[in-house]
$ cat my_file-v4.tsv   # TSV, C-alpha atoms and all ligand atoms
chain	number	residue	atom	x	y	z
A	4	MET	CA	90.06	-23.14	44.15
A	5	THR	CA	89.32	-24.88	47.41
A	6	TYR	CA	91.61	-27.16	49.35
A	7	VAL	CA	88.80	-28.94	51.14
A	8	ARG	CA	87.02	-31.77	49.36
A	9	SER	CA	83.91	-33.22	50.86
A	10	THR	CA	84.04	-36.97	51.33
A	11	PHE	CA	80.25	-37.17	51.27
A	12	ARG	CA	78.88	-39.07	48.28
A	13	HIS	CA	75.22	-39.50	47.54
A	14	PRO	CA	74.28	-43.08	48.50
A	15	ALA	CA	72.32	-43.48	45.26
A	16	LEU	CA	75.27	-42.62	42.96
A	17	PRO	CA	75.08	-44.96	39.96
A	18	LYS	CA	77.56	-47.86	39.82
A	19	ASN	CA	79.27	-49.27	36.77
A	20	GLU	CA	79.38	-52.99	35.90
A	21	LEU	CA	82.23	-53.52	38.37
A	22	GLY	CA	80.17	-52.00	41.17
A	23	TYR	CA	82.24	-48.80	41.42
A	24	THR	CA	80.82	-45.29	41.65
A	25	VAL	CA	82.58	-42.59	39.65
A	26	ASP	CA	84.49	-41.24	42.68
A	27	TYR	CA	86.51	-44.48	42.75
A	28	TYR	CA	88.13	-43.19	39.53
A	29	GLU	CA	88.98	-39.73	40.86
A	30	GLY	CA	92.39	-38.62	42.04
A	31	SER	CA	93.56	-36.18	44.67
A	32	LEU	CA	92.35	-32.60	44.82
A	33	SER	CA	93.67	-30.55	41.91
A	34	THR	CA	96.07	-27.72	42.62
A	35	LEU	CA	95.84	-26.38	39.05
A	36	CYS	CA	94.42	-22.86	38.52
A	37	ALA	CA	90.61	-22.65	38.60
A	38	GLY	CA	89.43	-22.83	34.97
A	39	CYS	CA	92.57	-24.56	33.64
A	40	GLY	CA	91.67	-26.72	30.63
A	41	HIS	CA	93.75	-29.57	32.05
A	42	ASP	CA	91.20	-30.11	34.85
A	43	SER	CA	88.36	-30.53	32.33
A	44	ILE	CA	90.41	-33.20	30.54
A	45	ASN	CA	91.07	-34.96	33.86
A	46	ALA	CA	87.32	-35.02	34.51
A	47	ALA	CA	86.76	-36.54	31.05
A	48	ILE	CA	89.36	-39.26	31.76
A	49	VAL	CA	87.61	-40.13	35.05
A	50	GLU	CA	84.24	-40.33	33.31
A	51	ALA	CA	85.59	-42.39	30.36
A	52	CYS	CA	87.31	-44.95	32.63
A	53	TRP	CA	84.21	-45.28	34.83
A	54	GLN	CA	81.97	-45.78	31.81
A	55	MET	CA	84.37	-48.34	30.32
A	56	ASN	CA	84.40	-50.43	33.53
A	57	ILE	CA	88.18	-50.27	33.71
A	58	GLU	CA	89.82	-51.73	36.80
A	59	PRO	CA	92.00	-48.78	37.91
A	60	HIS	CA	94.82	-51.12	38.99
A	61	LYS	CA	95.09	-52.22	35.32
A	62	VAL	CA	96.17	-48.68	34.33
A	63	ALA	CA	99.66	-47.17	34.45
A	64	LYS	CA	99.71	-43.36	34.30
A	65	LEU	CA	102.93	-41.79	33.06
A	66	SER	CA	104.01	-38.19	32.67
A	67	GLY	CA	106.93	-35.77	32.40
A	68	ILE	CA	107.05	-32.35	34.06
A	69	GLY	CA	104.59	-29.45	33.76
A	70	CYS	CA	101.11	-28.49	34.97
A	71	SER	CA	99.82	-31.09	32.51
A	72	SER	CA	102.21	-33.70	33.84
A	73	LYS	CA	100.86	-33.10	37.36
A	74	SER	CA	97.46	-34.19	36.06
A	75	PRO	CA	97.78	-37.95	36.61
A	76	ALA	CA	97.66	-37.16	40.34
A	77	TYR	CA	94.14	-35.84	39.78
A	78	PHE	CA	92.59	-38.95	38.23
A	79	LEU	CA	92.61	-42.70	38.96
A	80	SER	CA	94.26	-42.62	42.38
A	81	ASN	CA	93.94	-46.42	42.51
A	82	SER	CA	96.23	-46.86	39.47
A	83	HIS	CA	99.98	-47.17	39.02
A	84	GLY	CA	101.77	-43.90	38.32
A	85	PHE	CA	105.21	-42.63	37.34
A	86	ASN	CA	105.99	-38.92	37.12
A	87	SER	CA	109.26	-38.91	35.16
A	88	VAL	CA	111.62	-36.19	33.92
A	89	HIS	CA	110.67	-33.32	31.58
A	90	GLY	CA	110.11	-34.81	28.08
A	91	ARG	CA	111.18	-38.33	29.02
A	92	MET	CA	107.80	-39.95	29.55
A	93	PRO	CA	107.95	-41.96	26.27
A	94	SER	CA	111.11	-43.87	27.19
A	95	VAL	CA	109.74	-44.74	30.64
A	96	ALA	CA	106.48	-45.86	28.98
A	97	THR	CA	108.44	-47.99	26.48
A	98	GLY	CA	110.36	-49.81	29.20
A	99	ALA	CA	107.29	-50.42	31.35
A	100	ASN	CA	105.15	-51.56	28.41
A	101	LEU	CA	107.77	-54.00	27.14
A	102	ALA	CA	108.07	-55.53	30.61
A	103	ASN	CA	104.32	-55.83	31.18
A	104	ARG	CA	101.91	-55.65	28.26
A	105	ASP	CA	98.91	-56.39	30.50
A	106	LEU	CA	98.35	-52.79	31.63
A	107	ILE	CA	96.74	-49.85	29.86
A	108	TYR	CA	99.47	-47.24	29.44
A	109	PHE	CA	98.14	-43.72	29.73
A	110	GLY	CA	100.69	-40.96	29.13
A	111	VAL	CA	99.95	-37.30	29.80
A	112	SER	CA	102.22	-34.63	28.44
A	113	GLY	CA	102.37	-30.89	27.81
A	114	ASP	CA	103.15	-29.21	24.50
A	115	GLY	CA	106.40	-27.96	26.02
A	116	ASP	CA	107.14	-31.44	27.35
A	117	THR	CA	106.39	-33.07	23.98
A	118	ALA	CA	107.30	-30.56	21.28
A	119	SER	CA	110.55	-29.14	22.70
A	120	ILE	CA	112.65	-31.04	25.22
A	121	GLY	CA	110.77	-34.30	24.56
A	122	MET	CA	110.59	-34.10	20.77
A	123	GLY	CA	113.32	-36.70	20.24
A	124	GLN	CA	111.47	-39.16	22.45
A	125	PHE	CA	108.07	-38.35	20.97
A	126	VAL	CA	109.01	-39.06	17.35
A	127	HIS	CA	110.45	-42.45	18.22
A	128	VAL	CA	107.58	-43.61	20.39
A	129	VAL	CA	105.24	-42.74	17.51
A	130	ARG	CA	107.22	-44.67	14.89
A	131	ARG	CA	107.60	-47.66	17.21
A	132	ASN	CA	103.82	-47.83	17.61
A	133	LEU	CA	104.03	-48.47	21.35
A	134	ASN	CA	100.64	-49.54	22.65
A	135	MET	CA	99.73	-46.48	24.73
A	136	VAL	CA	97.62	-43.35	24.82
A	137	ASP	CA	99.66	-40.14	24.68
A	138	LEU	CA	97.40	-37.25	25.62
A	139	VAL	CA	99.03	-33.89	24.99
A	140	MET	CA	97.38	-31.07	26.94
A	141	ASN	CA	98.25	-28.38	24.43
A	142	ASN	CA	98.05	-24.78	25.70
A	143	GLY	CA	100.71	-23.22	23.45
A	144	CYS	CA	102.83	-22.21	26.42
A	145	TYR	CA	104.94	-23.45	29.31
A	146	GLY	CA	102.31	-23.04	32.02
A	147	LEU	CA	104.33	-24.30	34.97
A	148	THR	CA	107.25	-21.94	34.31
A	149	LYS	CA	104.98	-18.90	33.86
A	150	GLY	CA	103.79	-18.82	30.29
A	151	GLN	CA	106.73	-18.68	27.83
A	152	ASP	CA	105.72	-19.52	24.22
A	153	SER	CA	106.03	-23.21	23.42
A	154	ALA	CA	106.81	-24.75	20.02
A	155	THR	CA	103.09	-25.27	19.34
A	156	ALA	CA	102.29	-21.55	19.69
A	157	ASP	CA	101.06	-20.28	16.30
A	158	ALA	CA	103.16	-17.77	14.36
A	159	GLY	CA	101.66	-14.33	14.96
A	160	SER	CA	99.92	-15.26	18.20
A	161	LYS	CA	100.34	-12.75	21.01
A	162	SER	CA	101.42	-13.53	24.56
A	163	LYS	CA	99.79	-12.01	27.62
A	164	ALA	CA	102.75	-9.62	27.90
A	165	GLY	CA	102.13	-8.44	24.29
A	166	SER	CA	105.02	-10.04	22.39
A	167	VAL	CA	104.25	-11.67	19.04
A	168	ASN	CA	105.51	-15.19	18.33
A	169	LEU	CA	107.67	-15.15	15.17
A	170	PHE	CA	108.06	-18.87	14.64
A	171	GLU	CA	105.98	-21.47	12.82
A	172	ALA	CA	104.09	-23.81	15.11
A	173	ILE	CA	104.79	-27.53	15.26
A	174	ASP	CA	101.53	-29.33	14.50
A	175	LEU	CA	101.77	-32.49	16.59
A	176	ALA	CA	98.83	-34.24	14.93
A	177	SER	CA	100.18	-33.77	11.36
A	178	LEU	CA	103.67	-34.70	12.48
A	179	ALA	CA	102.40	-37.89	14.11
A	180	ILE	CA	100.58	-38.93	10.94
A	181	GLU	CA	103.72	-38.26	8.88
A	182	LEU	CA	105.68	-40.47	11.29
A	183	GLY	CA	103.29	-43.37	10.82
A	184	ALA	CA	101.02	-42.94	13.86
A	185	THR	CA	98.15	-45.42	13.82
A	186	PHE	CA	95.60	-43.35	15.78
A	187	VAL	CA	95.43	-39.56	15.84
A	188	GLY	CA	92.65	-37.58	17.47
A	189	GLN	CA	92.35	-33.90	18.15
A	190	SER	CA	89.98	-32.24	20.58
A	191	PHE	CA	89.30	-29.32	22.89
A	192	SER	CA	89.18	-29.51	26.70
A	193	GLY	CA	85.81	-27.76	26.62
A	194	ASP	CA	84.21	-30.47	24.47
A	195	LYS	CA	83.64	-33.38	26.86
A	196	GLU	CA	81.07	-34.91	24.54
A	197	GLN	CA	83.73	-35.41	21.86
A	198	LEU	CA	86.60	-36.13	24.21
A	199	ILE	CA	85.05	-39.06	26.11
A	200	PRO	CA	84.44	-41.35	23.07
A	201	LEU	CA	87.85	-40.36	21.70
A	202	LEU	CA	89.48	-41.39	24.99
A	203	LYS	CA	87.63	-44.70	25.00
A	204	ALA	CA	88.64	-45.50	21.43
A	205	ALA	CA	92.25	-44.47	22.09
A	206	MET	CA	92.43	-46.82	25.09
A	207	HIS	CA	91.15	-49.71	22.96
A	208	HIS	CA	93.49	-49.02	20.04
A	209	ASN	CA	96.25	-51.59	19.52
A	210	GLY	CA	99.17	-49.21	19.15
A	211	PHE	CA	100.17	-45.62	19.71
A	212	ALA	CA	97.21	-43.27	20.08
A	213	LEU	CA	97.92	-39.55	20.07
A	214	LEU	CA	95.26	-37.26	21.48
A	215	ASN	CA	96.27	-33.64	20.88
A	216	VAL	CA	93.85	-31.70	23.06
A	217	ILE	CA	93.77	-27.89	23.04
A	218	SER	CA	93.63	-27.00	26.72
A	219	PRO	CA	93.70	-23.26	27.46
A	220	CYS	CA	95.98	-21.89	30.17
A	221	VAL	CA	93.74	-19.34	31.89
A	222	THR	CA	96.61	-17.74	33.76
A	223	PHE	CA	99.18	-17.16	31.01
A	224	ASN	CA	97.66	-17.69	27.55
A	225	ASN	CA	93.95	-16.84	27.54
A	226	ASN	CA	94.36	-13.27	26.28
A	227	ALA	CA	93.14	-11.58	23.10
A	228	GLY	CA	95.63	-12.39	20.32
A	229	SER	CA	96.36	-15.89	21.64
A	230	THR	CA	95.24	-18.72	19.36
A	231	LYS	CA	94.96	-21.13	22.31
A	232	SER	CA	92.45	-19.06	24.33
A	233	TYR	CA	88.95	-20.32	25.13
A	234	ASP	CA	87.36	-17.65	22.90
A	235	TYR	CA	89.64	-18.27	19.92
A	236	VAL	CA	89.30	-22.05	20.03
A	237	ARG	CA	85.50	-21.93	20.39
A	238	GLU	CA	85.31	-19.63	17.34
A	239	HIS	CA	87.65	-21.70	15.15
A	240	VAL	CA	86.84	-25.32	15.94
A	241	GLU	CA	85.78	-27.38	12.92
A	242	VAL	CA	84.45	-30.80	13.90
A	243	THR	CA	85.23	-33.63	11.44
A	244	GLY	CA	82.42	-35.78	12.78
A	245	THR	CA	80.68	-37.10	15.85
A	246	MET	CA	81.44	-40.57	17.10
A	247	ASP	CA	80.25	-43.25	19.48
A	248	PHE	CA	82.59	-45.82	20.92
A	249	VAL	CA	80.76	-49.15	20.89
A	250	PRO	CA	81.82	-51.76	23.48
A	251	ILE	CA	81.55	-55.38	22.29
A	252	SER	CA	78.44	-56.20	24.20
A	253	ARG	CA	76.34	-53.21	23.20
A	254	GLU	CA	74.26	-52.60	20.14
A	255	ILE	CA	74.70	-49.45	18.07
A	256	LEU	CA	71.77	-47.30	19.15
A	257	ALA	CA	72.38	-44.01	17.35
A	258	SER	CA	70.83	-43.55	13.93
A	259	TYR	CA	72.45	-41.36	11.33
A	260	GLU	CA	71.71	-40.20	7.82
A	261	ALA	CA	72.86	-42.73	5.27
A	262	GLY	CA	76.04	-41.95	3.37
A	263	ASN	CA	78.09	-40.30	6.10
A	264	VAL	CA	78.40	-43.18	8.52
A	265	LYS	CA	81.51	-45.28	8.92
A	266	ASP	CA	81.96	-48.20	11.30
A	267	LEU	CA	85.55	-48.82	12.28
A	268	LEU	CA	86.38	-52.17	13.82
A	269	MET	CA	89.05	-52.30	16.54
A	270	HIS	CA	91.32	-55.36	17.07
A	271	ASP	CA	89.46	-56.44	20.23
A	272	GLY	CA	85.98	-56.50	18.70
A	273	THR	CA	84.93	-53.05	19.90
A	274	SER	CA	84.09	-50.49	17.25
A	275	ILE	CA	83.79	-46.80	16.51
A	276	HIS	CA	80.60	-45.59	14.95
A	277	LEU	CA	81.58	-42.44	13.13
A	278	HIS	CA	79.27	-39.86	11.68
A	279	LYS	CA	81.36	-37.80	9.30
A	280	LEU	CA	80.64	-34.13	8.83
A	281	ALA	CA	83.76	-33.12	6.91
A	282	LYS	CA	83.49	-33.93	3.22
A	283	ASP	CA	86.42	-35.26	1.14
A	284	TRP	CA	87.96	-36.90	4.18
A	285	ASP	CA	88.42	-40.54	5.07
A	286	PRO	CA	89.87	-41.25	8.54
A	287	THR	CA	91.36	-44.53	7.35
A	288	ASP	CA	93.34	-42.83	4.59
A	289	ARG	CA	96.54	-41.15	5.73
A	290	PHE	CA	96.75	-38.78	2.72
A	291	SER	CA	93.13	-37.76	3.08
A	292	ALA	CA	93.67	-36.99	6.80
A	293	ILE	CA	96.76	-34.89	6.06
A	294	ASN	CA	94.93	-33.02	3.28
A	295	ALA	CA	91.95	-32.29	5.56
A	296	MET	CA	94.29	-30.92	8.21
A	297	GLN	CA	96.18	-28.76	5.70
A	298	ARG	CA	92.91	-27.38	4.30
A	299	ALA	CA	91.74	-26.53	7.83
A	300	LYS	CA	95.05	-24.83	8.58
A	301	LEU	CA	94.75	-22.62	5.50
A	302	LYS	CA	91.33	-21.49	6.69
A	303	GLY	CA	92.61	-20.87	10.22
A	304	GLU	CA	90.44	-23.67	11.61
A	305	ILE	CA	91.24	-26.23	14.29
A	306	LEU	CA	90.08	-29.62	13.02
A	307	THR	CA	88.82	-31.87	15.83
A	308	GLY	CA	87.61	-35.45	16.14
A	309	LEU	CA	89.19	-38.72	15.10
A	310	LEU	CA	91.54	-37.61	12.31
A	311	TYR	CA	93.24	-40.85	11.39
A	312	ILE	CA	93.08	-44.52	12.36
A	313	ASP	CA	94.74	-47.67	11.07
A	314	GLU	CA	92.33	-50.41	12.10
A	315	ASN	CA	94.93	-53.11	11.39
A	316	SER	CA	97.63	-51.56	13.51
A	317	ASN	CA	100.36	-53.94	14.74
A	318	ASP	CA	101.91	-52.64	17.95
A	319	LEU	CA	105.54	-52.88	19.07
A	320	HIS	CA	104.95	-56.21	20.84
A	321	GLY	CA	103.48	-57.60	17.62
A	322	MET	CA	106.44	-56.35	15.57
A	323	LEU	CA	109.05	-57.67	18.00
A	324	LYS	CA	107.09	-60.89	18.60
A	325	THR	CA	107.59	-60.64	22.35
A	326	SER	CA	106.18	-63.07	24.86
A	327	ASP	CA	102.52	-62.79	25.85
A	328	THR	CA	103.49	-63.26	29.49
A	329	PRO	CA	104.64	-60.17	31.40
A	330	LEU	CA	108.17	-60.48	32.78
A	331	ASN	CA	106.91	-60.41	36.37
A	332	ALA	CA	104.82	-63.53	35.74
A	333	MET	CA	107.59	-65.62	34.13
A	334	PRO	CA	109.26	-68.41	36.08
A	335	LYS	CA	112.96	-67.99	36.85
A	336	ASN	CA	114.10	-70.74	34.45
A	337	ILE	CA	112.50	-68.88	31.51
A	338	LEU	CA	113.70	-65.45	32.58
A	339	CYS	CA	117.23	-66.72	33.15
A	340	PRO	CA	117.79	-69.81	30.98
A	341	GLY	CA	121.41	-70.29	32.11
A	342	SER	CA	124.92	-70.02	30.70
A	343	ASP	CA	124.50	-72.74	28.06
A	344	ALA	CA	121.66	-70.82	26.43
A	345	LEU	CA	123.74	-67.62	26.56
A	346	ALA	CA	126.74	-69.35	24.99
A	347	LYS	CA	124.51	-70.68	22.20
A	348	LEU	CA	123.08	-67.22	21.56
A	349	ASN	CA	126.55	-65.66	21.46
A	350	GLN	CA	127.70	-68.38	19.09
A	351	SER	CA	124.75	-67.69	16.75
A	352	LEU	CA	125.82	-64.03	16.50
A	353	ARG	CA	129.45	-64.75	15.55
A	401	LIG	C1	115.13	-30.95	32.24
A	401	LIG	C2	114.23	-29.81	32.61
A	401	LIG	N1	114.29	-28.66	31.88
A	401	LIG	C3	113.46	-27.63	32.17
A	401	LIG	C4	112.58	-27.74	33.22
A	401	LIG	C5	111.68	-26.56	33.55
A	401	LIG	N2	110.30	-26.78	33.16
A	401	LIG	C6	109.42	-27.33	34.00
A	401	LIG	S1	107.90	-27.47	33.34
A	401	LIG	C7	108.42	-26.76	31.90
A	401	LIG	C8	107.48	-26.52	30.75
A	401	LIG	C9	106.08	-26.92	31.01
A	401	LIG	O1	105.31	-26.68	29.86
A	401	LIG	P1	104.39	-27.79	29.23
A	401	LIG	O2	105.08	-29.06	29.07
A	401	LIG	O3	103.77	-27.22	28.01
A	401	LIG	O4	103.26	-28.03	30.34
A	401	LIG	P2	102.20	-27.04	30.97
A	401	LIG	O5	102.80	-26.58	32.26
A	401	LIG	O6	101.94	-25.90	30.04
A	401	LIG	O7	101.01	-27.90	31.16
A	401	LIG	C10	109.77	-26.44	31.95
A	401	LIG	C11	110.53	-25.79	30.88
A	401	LIG	C12	112.55	-28.95	33.94
A	401	LIG	N3	111.69	-29.16	34.94
A	401	LIG	N4	113.38	-29.96	33.62
A	402	LIG	S1	99.48	-21.99	34.93
A	402	LIG	FE1	98.15	-22.39	33.19
A	402	LIG	S2	98.52	-24.56	32.65
A	402	LIG	FE2	99.27	-24.22	34.75
A	402	LIG	S3	97.55	-24.76	36.09
A	402	LIG	FE3	97.45	-22.54	35.74
A	402	LIG	S4	96.06	-22.34	34.00
A	402	LIG	FE4	96.73	-24.48	34.03
$ encode --input "my_file-v4.tsv" --output "structure tokens" --more "lines below"
Ligand SMILES: Cc1ncc(C[n+]2csc(CCOP(=O)(O)OP(=O)(O)O)c2C)c(N)n1
Ligand code: SF4
Amino acid sequence: MTYVRSTFRHPALPKNELGYTVDYYEGSLSTLCAGCGHDSINAAIVEACWQMNIEPHKVAKLSGIGCSSKSPAYFLSNSHGFNSVHGRMPSVATGANLANRDLIYFGVSGDGDTASIGMGQFVHVVRRNLNMVDLVMNNGCYGLTKGQDSATADAGSKSKAGSVNLFEAIDLASLAIELGATFVGQSFSGDKEQLIPLLKAAMHHNGFALLNVISPCVTFNNNAGSTKSYDYVREHVEVTGTMDFVPISREILASYEAGNVKDLLMHDGTSIHLHKLAKDWDPTDRFSAINAMQRAKLKGEILTGLLYIDENSNDLHGMLKTSDTPLNAMPKNILCPGSDALAKLNQSLR
């Protein structure tokens, strides 16, 4: 780890359609341990946003507490950011999103943050289908507080100190599908090729998009016996399929064998070109996705890729029929229609 970052950038660095080079999407220098999976995910987020020509000021980054929750400081320094309380990111995201639907809401959370103290918030933000990306950097432990087992640690996995975890793991991806999630992807921090299109698709999804990304903690949970170590994950990953995210203006260039290709249309005209590898699995069928995940679990495999998507997802704004105009752009007479309107409303509720 070095605390000095060169400000020199090659003058011929490629620019995206907005005229920005990739460093415009970076954040401050990471203070995470060298080799931490979280940093690889941060690099993938930077790359995905640069490739998608996102204006950084149109993004709101939200997090709780943990090494993972420090991550938003390390990407998109020109975006809005709110580092909230341990496990409480979803309620902050809900408030912000309902007030201003014009931003891309990008939540980053840890498995401790999400699956223990934040579980109550997580389940409700899933079922409300809030339009946001929730990326869980899942290392099976509480990295920031020195490596205690988290609720996603597999039963039988061994900590660095040698103790064996006795309890069943909470599988966030399966749980999200059970709760009605409309986009569920699973990936590995070491697989940037898979992660970047997944991130792009998640950011274009109209509703709650969970990305459960296995992200090894090199300092506290990368030992033999851990099921969240680099070696274990590399040996047990089972990829459901490869995918390209296709922006509206581009043609589909990849060619695949007939029979295994599925084109998924997103609400904004973008699409996902999916090349399925896993048989007996349809990512638009909730039961099929759950079955594929259960089968993988029985074989001790970690299923990655886009696991489930509801192309016709209706987000919380759609369900509540809220105004298209963000609150900060509404004139005062609409925001505060006066005591007569309030009296009428009260009367209608009697
Ligand atoms: C309300 C509250 N309870 C407990 C803590 C202590 N604490 C800080 S981070 C953390 C767990 C971090 O683990 P995780 O969310 O998995 O993130 P990681 O550090 O592994 O990325 C805990 C228990 C806290 N900061 N606030
Ligand atoms: S303690 Fe673990 S999770 Fe935290 S920065 Fe270090 S390697 Fe990453």
$ residues_near_ligand --input "my_file-v4.tsv" --ligand "ligand LIG 402 (chain A)" --cutoff "9 Å" --atoms "only C-alpha atoms and all ligand atoms" --output "PyMOL selection string"
chain A and resi 34-42+69-71+113+140+142+144-150+218-225
$ residues_around --input "my_file-v4.tsv" --residues "A:Gly303" --least-positions-apart "3" --cutoff "8 Å" --atoms "all atoms listed in the file" --output "number ranges by chain"
A: 239, 299-300
$ write_last_selection --input "my_file-v4.tsv" --atoms "C-alpha atoms" --output "mmCIF file, in the coordinates of the input"
data_model
loop_
_atom_site.group_PDB
_atom_site.id
_atom_site.type_symbol
_atom_site.label_atom_id
_atom_site.label_comp_id
_atom_site.auth_asym_id
_atom_site.auth_seq_id
_atom_site.Cartn_x
_atom_site.Cartn_y
_atom_site.Cartn_z
ATOM 1 C CA HIS A 239 87.650 -21.700 15.150
ATOM 2 C CA ALA A 299 91.740 -26.530 7.830
ATOM 3 C CA LYS A 300 95.050 -24.830 8.580
#
$ atom_distance --input "my_file-v4.tsv" --atom1 "atom CA of A:Pro200" --atom2 "atom CA of A:Ala51"
7.5 Å
$ axis_aligned_box --input "my_file-v4.tsv" --around "ligand LIG 401 (chain A)" --padding-each-side "6 Å" --output "AutoDock Vina command-line options"
--center_x 108.1 --center_y -28.4 --center_z 31.5 --size_x 26.1 --size_y 17.2 --size_z 18.9
$ closest_residue --input "my_file-v4.tsv" --among "A:Ala227, A:Leu169, A:Pro329, A:Leu201" --to "A:Leu277" --atoms "all atoms listed in the file"
A:Leu201
$ closest_residue --input "my_file-v4.tsv" --among "A:Asn263, A:Gln151, A:Thr185, A:Thr230" --to "ligand LIG 401 (chain A)" --atoms "only C-alpha atoms and all ligand atoms"
A:Gln151
$ residues_around --input "my_file-v4.tsv" --residues "A:Val129" --least-positions-apart "2" --cutoff "8 Å" --atoms "all atoms listed in the file" --output "list of chain:residue names"
A:Phe125, A:Val126, A:His127, A:Arg131, A:Asn132, A:Leu133, A:Ala179, A:Leu182, A:Gly183, A:Ala184, A:Phe211
$ atom_distance --input "my_file-v4.tsv" --atom1 "atom CA of A:Tyr108" --atom2 "atom CA of A:Ala63"
5.0 Å
